[in-house]
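What follows is the content of structure-v5.pdb, which has PDB, C-alpha atoms, pLDDT in the B column:
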```
ATOM      1  CA  MET A   6     -14.844 -11.008   9.627  1.00 48.00           C
ATOM      2  CA  GLU A   7     -14.424 -14.734  10.131  1.00 54.00           C
ATOM      3  CA  HIS A   8     -11.589 -16.578   8.443  1.00 54.00           C
ATOM      4  CA  GLY A   9     -11.679 -20.191   7.308  1.00 53.00           C
ATOM      5  CA  SER A  10      -8.732 -22.504   6.968  1.00 55.00           C
ATOM      6  CA  ASP A  11      -5.768 -21.457   4.848  1.00 55.00           C
ATOM      7  CA  SER A  12      -6.743 -23.831   2.040  1.00 53.00           C
ATOM      8  CA  ASP A  13     -10.165 -22.270   1.350  1.00 51.00           C
ATOM      9  CA  ARG A  14      -9.254 -18.608   1.877  1.00 57.00           C
ATOM     10  CA  LYS A  15      -9.823 -16.296  -1.046  1.00 58.00           C
ATOM     11  CA  TYR A  16      -7.168 -13.662  -1.733  1.00 53.00           C
ATOM     12  CA  THR A  17      -9.464 -10.654  -1.857  1.00 54.00           C
ATOM     13  CA  ASP A  18      -9.016  -8.891   1.500  1.00 60.00           C
ATOM     14  CA  LEU A  19      -7.153  -5.645   1.834  1.00 64.00           C
ATOM     15  CA  ILE A  20      -4.011  -5.625   3.941  1.00 65.00           C
ATOM     16  CA  LEU A  21      -5.659  -3.390   6.564  1.00 66.00           C
ATOM     17  CA  VAL A  22      -8.463  -5.901   7.025  1.00 66.00           C
ATOM     18  CA  ASP A  23      -6.177  -8.897   7.381  1.00 68.00           C
ATOM     19  CA  LEU A  24      -3.167  -7.596   9.357  1.00 68.00           C
ATOM     20  CA  LEU A  25      -3.408 -10.239  12.083  1.00 68.00           C
ATOM     21  CA  HIS A  26      -3.383 -13.185   9.659  1.00 70.00           C
ATOM     22  CA  LEU A  27      -0.736 -12.290   7.089  1.00 68.00           C
ATOM     23  CA  ASP A  28       0.205 -15.002   4.615  1.00 68.00           C
ATOM     24  CA  TYR A  29       3.850 -14.313   3.830  1.00 74.00           C
ATOM     25  CA  ARG A  30       4.031 -17.078   1.216  1.00 79.00           C
ATOM     26  CA  HIS A  31       1.752 -15.151  -1.165  1.00 75.00           C
ATOM     27  CA  PHE A  32       2.208 -11.674   0.293  1.00 75.00           C
ATOM     28  CA  PHE A  33       2.930  -9.717  -2.910  1.00 78.00           C
ATOM     29  CA  THR A  34       0.342 -11.468  -5.055  1.00 80.00           C
ATOM     30  CA  ARG A  35      -2.353 -10.986  -2.428  1.00 76.00           C
ATOM     31  CA  TYR A  36      -1.571  -7.389  -1.478  1.00 78.00           C
ATOM     32  CA  ARG A  37      -0.228  -6.132  -4.821  1.00 85.00           C
ATOM     33  CA  VAL A  38      -2.963  -3.495  -5.200  1.00 85.00           C
ATOM     34  CA  ASP A  39      -2.407  -2.213  -1.641  1.00 83.00           C
ATOM     35  CA  LEU A  40       1.373  -2.042  -2.018  1.00 86.00           C
ATOM     36  CA  LEU A  41       1.294  -0.380  -5.430  1.00 91.00           C
ATOM     37  CA  GLY A  42      -1.299   2.120  -4.199  1.00 92.00           C
ATOM     38  CA  PHE A  43       0.850   2.942  -1.174  1.00 92.00           C
ATOM     39  CA  ILE A  44       3.921   3.427  -3.359  1.00 96.00           C
ATOM     40  CA  ALA A  45       1.962   5.633  -5.777  1.00 97.00           C
ATOM     41  CA  ALA A  46       0.557   7.756  -2.929  1.00 97.00           C
ATOM     42  CA  LEU A  47       4.005   8.075  -1.352  1.00 97.00           C
ATOM     43  CA  ALA A  48       5.531   9.119  -4.689  1.00 98.00           C
ATOM     44  CA  LEU A  49       2.784  11.704  -5.212  1.00 98.00           C
ATOM     45  CA  ALA A  50       3.285  13.124  -1.705  1.00 98.00           C
ATOM     46  CA  LEU A  51       7.048  13.356  -2.236  1.00 98.00           C
ATOM     47  CA  LEU A  52       6.483  15.015  -5.606  1.00 98.00           C
ATOM     48  CA  ILE A  53       4.213  17.621  -3.998  1.00 98.00           C
ATOM     49  CA  VAL A  54       6.726  18.297  -1.209  1.00 97.00           C
ATOM     50  CA  PHE A  55       9.607  18.589  -3.688  1.00 97.00           C
ATOM     51  CA  GLY A  56       7.524  20.800  -5.994  1.00 95.00           C
ATOM     52  CA  THR A  57       6.595  23.195  -3.212  1.00 95.00           C
ATOM     53  CA  TRP A  58      10.233  23.334  -2.058  1.00 93.00           C
ATOM     54  CA  LEU A  59      11.332  24.052  -5.635  1.00 93.00           C
ATOM     55  CA  ILE A  60       8.730  26.820  -6.050  1.00 92.00           C
ATOM     56  CA  SER A  61       9.789  28.380  -2.750  1.00 92.00           C
ATOM     57  CA  ARG A  62      13.419  28.453  -3.958  1.00 91.00           C
ATOM     58  CA  ILE A  63      12.454  30.345  -7.148  1.00 87.00           C
ATOM     59  CA  GLY A  64      11.426  33.442  -5.197  1.00 73.00           C
ATOM     60  CA  ALA A  65      14.536  33.492  -2.990  1.00 63.00           C
TER
END
```
Can you give me the file's structure in the form of structure tokens?
Amino acid sequence: MEHGSDSDRKYTDLILVDLLHLDYRHFFTRYRVDLLGFIAALALALLIVFGTWLISRIGA
């Protein structure tokens, strides 16, 4: 993927595609979907781990 100058870049790439050319000035606006998806997946994983731990404590 070839990148143009900073002035004509569109903010549509995913963070995994553009890791070497991060724009920290507009980081959250550009990668909002990636960050929110990561937070949602992390919360779901923690909920599953906590739920399985809680279920295992019921039988003890």
Please report, as lines of an AutoDock Vina configuration file, the centre and edge lengths in Å to one decimal of an axis-aligned box covering all listed atoms of region 46-59 of chain A with 3 Å per side.
```
center_x = 5.9
center_y = 15.9
center_z = -3.6
size_x = 16.8
size_y = 22.3
size_z = 10.8
```
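Put simply, CA of Ile53 (chain A) is 27.4 Å away from CA of Phe33 (chain A).
CA of Ile44 (chain A) sits 22.3 Å away from CA of His26 (chain A).
The space between CA of Phe55 (chain A) and CA of Tyr36 (chain A) spans 28.4 Å.
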